[in-house]
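Below is one structure, written out as structure tokens, with a few remarks after it.
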2 protein chains.
Amino acid sequence: MADRPGAPHDLHATAAQRLRSDGQRYTSNRRVLIDLLGATDHPVTIAEVLTLRADLAQSSVYRNLAVLEQAGVVHRVVATDEYARYELAQDLTEHHHHLICSSCGAVADFTIGPKLEESMAEAFARVGEQTGFETDHHRLDLVGRCTDCR
Amino acid sequence: MADRPGAPHDLHATAAQRLRSDGQRYTSNRRVLIDLLGATDHPVTIAEVLTLRADLAQSSVYRNLAVLEQAGVVHRVVATDEYARYELAQDLTEHHHHLICSSCGAVADFTIGPKLEESMAEAFARVGEQTGFETDHHRLDLVGRCTDCR
DNA sequence: CTCAGTGCAAAGGATTTGCATGCCG
DNA sequence: CGGCATGCAAATCCTTTGCACTGAG
């Protein structure tokens, strides 16, 4: 689950390309963020980023993550606490879901089988037809207690 | 989907009982909140509550919803925007999921078939065994654009 | 050179808290 | 009566924004 499809180079190349398509530059700060997100196996809070890379300015991190999200390179994850979390866009990693600890707020990744994903996709298609809702992506999270908090 | 299992009386009785078990009173303000949540078919923001019932003090709404959540009567729903939303606990209504509009933030309810729910429950049990994560509940949301925003 | 990106500090906005008062038990 | 609930206003805290400076193209 920690392995990413494609080498780091591809990751940066893809990020650069998507940013360019969006009229944005791939600056060193943005590269640092991508490196950082590519090295973790869970969505990261802004606070974590600032701790891991104390040289980054808070406002730049907020702004750059917003730019990267806009360009479709990273994805904003909403857990249950008030902190925003970011991960690489799932087409740059692999499709997965989140285990959210309601006690400490930790977020971990997990996957379910492709069969189940398919069944869900079919169900979502039906819902879309019936309601007129145009689905962009789905969110399947388990909320509970992580091993540390049990 | 708008129908709730059990008459309103049961709802209040259950709410009162759960609060009592939690050492809390079922005050008139709390009753108003339950009435309001029972009357809608989607999770409600604090702002909506304050608009619908302008006589309620903002701080009391925040505090009472927290108390009600603690007692297991209401559930806090996290969408994609920064607003907290609340709905009745799903054992007081029926199990459902959310359509979240990433454009206007609207949240609507929908359900999937019991078969699929079962398959998911099985998958979650497996994940729990493998990771040691103790699941309290799951969250399955579709993020996209509602009919108004398409 | 030009203009987007950066960093610092100040502002914004949803949510929380302190405190005096009111009311249920 | 005692203690929790309430309401108002002030405080918090994550996040956003203003502004002057720096650096890439």
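Residues are named by chain letter and number: chains run A, B, ... in the order of the structure tokens, numbers start at 1 in each chain, and ligands are numbered from 1 in the order shown.
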
Review point. Using only C-alpha atoms (C1' of nucleotides), which chain B residues lie at most 8 Å away from chain D, written as JSON, numbers by chain?
Key: {"B": [57, 59, 60]}

Quick one: which residues from chain C are at most 9 Å off chain A, using only C-alpha atoms (C1' of nucleotides), as an mmCIF file with N, CA, C and O atoms (P, O5', C5', C4', C3', O3' and C1' of nucleotides), in the first residue's frame?
```cif
data_model
loop_
_atom_site.group_PDB
_atom_site.id
_atom_site.type_symbol
_atom_site.label_atom_id
_atom_site.label_comp_id
_atom_site.auth_asym_id
_atom_site.auth_seq_id
_atom_site.Cartn_x
_atom_site.Cartn_y
_atom_site.Cartn_z
ATOM 1 P P DA C 4 1.148 37.191 -13.172
ATOM 2 O "O5'" DA C 4 1.389 35.775 -12.484
ATOM 3 C "C5'" DA C 4 2.064 34.745 -13.201
ATOM 4 C "C4'" DA C 4 3.023 34.018 -12.285
ATOM 5 C "C3'" DA C 4 2.350 33.414 -11.053
ATOM 6 O "O3'" DA C 4 2.946 32.153 -10.797
ATOM 7 C "C1'" DA C 4 4.039 34.927 -10.371
ATOM 8 P P DG C 5 2.516 31.296 -9.552
ATOM 9 O "O5'" DG C 5 3.674 31.616 -8.521
ATOM 10 C "C5'" DG C 5 4.987 31.156 -8.817
ATOM 11 C "C4'" DG C 5 5.879 31.339 -7.606
ATOM 12 C "C3'" DG C 5 5.330 30.743 -6.307
ATOM 13 O "O3'" DG C 5 6.428 30.172 -5.607
ATOM 14 C "C1'" DG C 5 5.709 33.046 -6.020
ATOM 15 P P DT C 6 6.245 29.497 -4.208
ATOM 16 O "O5'" DT C 6 6.731 30.631 -3.212
ATOM 17 C "C5'" DT C 6 8.057 31.142 -3.338
ATOM 18 C "C4'" DT C 6 8.350 32.113 -2.208
ATOM 19 C "C3'" DT C 6 7.888 31.638 -0.832
ATOM 20 O "O3'" DT C 6 8.985 31.678 0.064
ATOM 21 C "C1'" DT C 6 7.147 33.865 -1.266
ATOM 22 P P DG C 7 8.896 30.907 1.444
ATOM 23 O "O5'" DG C 7 8.758 32.120 2.472
ATOM 24 C "C5'" DG C 7 9.688 33.187 2.408
ATOM 25 C "C4'" DG C 7 9.281 34.304 3.338
ATOM 26 C "C3'" DG C 7 8.739 33.868 4.701
ATOM 27 O "O3'" DG C 7 9.298 34.714 5.686
ATOM 28 C "C1'" DG C 7 7.155 35.237 3.626
ATOM 29 P P DC C 8 9.340 34.277 7.191
ATOM 30 O "O5'" DC C 8 8.574 35.487 7.905
ATOM 31 C "C5'" DC C 8 8.991 36.844 7.647
ATOM 32 C "C4'" DC C 8 7.825 37.786 7.841
ATOM 33 C "C3'" DC C 8 7.047 37.564 9.141
ATOM 34 O "O3'" DC C 8 7.216 38.688 9.993
ATOM 35 C "C1'" DC C 8 5.598 37.941 7.282
#
```

Practice item. When you get a sec, could you note down which chain B residues fall within 7 Å of chain A, using only C-alpha atoms, as a ChimeraX atom specification? Key: /B:78,80,112,123,132-147

**Study point:** segment 37-52 of chain B environment, 6 Å, only C-alpha atoms (C1' of nucleotides), sequence neighbours closer than 4 positions dropped, as a VMD selection string
**Key:** chain B and resid 2 84 to 87 108 to 109

Exercise for review: Please indicate the distance in Å from atom CA of Arg31 of chain A to atom C1' of DA9 of chain C, rounded to one decimal place.
Suggested key: 25.6 Å

Check your understanding: Out of segment 20-122 of chain B, which residues get strand (DSSP E) from DSSP, as a list in words?
Key ->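 Put together, the selection reads Val44, Thr45, Val74, His75, Arg76, Val77, Val78, Ala84, Arg85, Tyr86, Glu87, Leu88, His97, His98, Leu99, Ile100, Cys101, Val107, Ala108, Asp109 and Phe110 of chain B.
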
Serialized selection, N, CA and C atoms, as a short mmCIF file (atom, residue, chain, number, x, y, z; two decimals), in the first residue's frame:
```
data_model
loop_
_atom_site.label_atom_id
_atom_site.label_comp_id
_atom_site.auth_asym_id
_atom_site.auth_seq_id
_atom_site.Cartn_x
_atom_site.Cartn_y
_atom_site.Cartn_z
N VAL B 44 -28.15 19.36 8.53
CA VAL B 44 -28.40 20.79 8.66
C VAL B 44 -27.19 21.51 9.24
N THR B 45 -26.87 22.67 8.70
CA THR B 45 -25.78 23.46 9.26
C THR B 45 -26.27 24.27 10.45
N VAL B 74 -27.69 12.62 17.97
CA VAL B 74 -27.46 13.23 16.67
C VAL B 74 -26.06 12.86 16.21
N HIS B 75 -25.81 13.12 14.95
CA HIS B 75 -24.55 12.75 14.34
C HIS B 75 -24.00 13.95 13.59
N ARG B 76 -22.71 14.17 13.75
CA ARG B 76 -22.07 15.28 13.08
C ARG B 76 -21.59 14.81 11.72
N VAL B 77 -21.99 15.53 10.69
CA VAL B 77 -21.64 15.15 9.33
C VAL B 77 -20.60 16.12 8.78
N VAL B 78 -19.55 15.58 8.23
CA VAL B 78 -18.51 16.43 7.65
C VAL B 78 -18.63 16.37 6.13
N ALA B 84 -20.03 22.69 9.80
CA ALA B 84 -20.44 21.44 10.42
C ALA B 84 -21.93 21.23 10.13
N ARG B 85 -22.31 19.97 9.93
CA ARG B 85 -23.71 19.65 9.70
C ARG B 85 -24.14 18.57 10.66
N TYR B 86 -25.41 18.59 11.01
CA TYR B 86 -25.91 17.60 11.95
C TYR B 86 -27.16 16.92 11.42
N GLU B 87 -27.31 15.65 11.76
CA GLU B 87 -28.51 14.90 11.42
C GLU B 87 -28.82 13.99 12.60
N LEU B 88 -30.01 13.42 12.63
CA LEU B 88 -30.34 12.47 13.68
C LEU B 88 -29.44 11.25 13.53
N HIS B 97 -26.64 7.43 2.98
CA HIS B 97 -25.38 8.05 2.63
C HIS B 97 -25.64 9.44 2.10
N HIS B 98 -24.58 10.11 1.69
CA HIS B 98 -24.74 11.51 1.31
C HIS B 98 -24.24 11.85 -0.07
N LEU B 99 -25.01 12.68 -0.75
CA LEU B 99 -24.57 13.28 -2.00
C LEU B 99 -24.09 14.68 -1.64
N ILE B 100 -22.84 14.94 -1.85
CA ILE B 100 -22.27 16.22 -1.47
C ILE B 100 -21.93 17.02 -2.71
N CYS B 101 -22.53 18.18 -2.84
CA CYS B 101 -22.23 19.03 -4.00
C CYS B 101 -20.99 19.85 -3.71
N VAL B 107 -26.01 19.05 0.80
CA VAL B 107 -25.88 17.64 1.15
C VAL B 107 -27.25 17.00 1.11
N ALA B 108 -27.40 15.93 0.32
CA ALA B 108 -28.67 15.22 0.25
C ALA B 108 -28.45 13.76 0.65
N ASP B 109 -29.51 13.10 1.05
CA ASP B 109 -29.40 11.70 1.47
C ASP B 109 -29.68 10.75 0.31
N PHE B 110 -29.09 9.58 0.34
CA PHE B 110 -29.48 8.51 -0.57
C PHE B 110 -29.16 7.17 0.08
#
```

Practice item. Pull the helix (DSSP H, G or I) assignments for chain B out of DSSP run on the backbone, and list those residues as a PyMOL selection string. Key: chain B and resi 8-21+28-39+46-52+58-70+114-131+147-149

**Study point:** Point-to-point distance from atom CA of Ala71 of chain B to atom CA of Ala89 of chain B, Å rounded to tenths
**Key:**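 We find that atom CA of Ala71 of chain B and atom CA of Ala89 of chain B lie 10.0 Å from each other.
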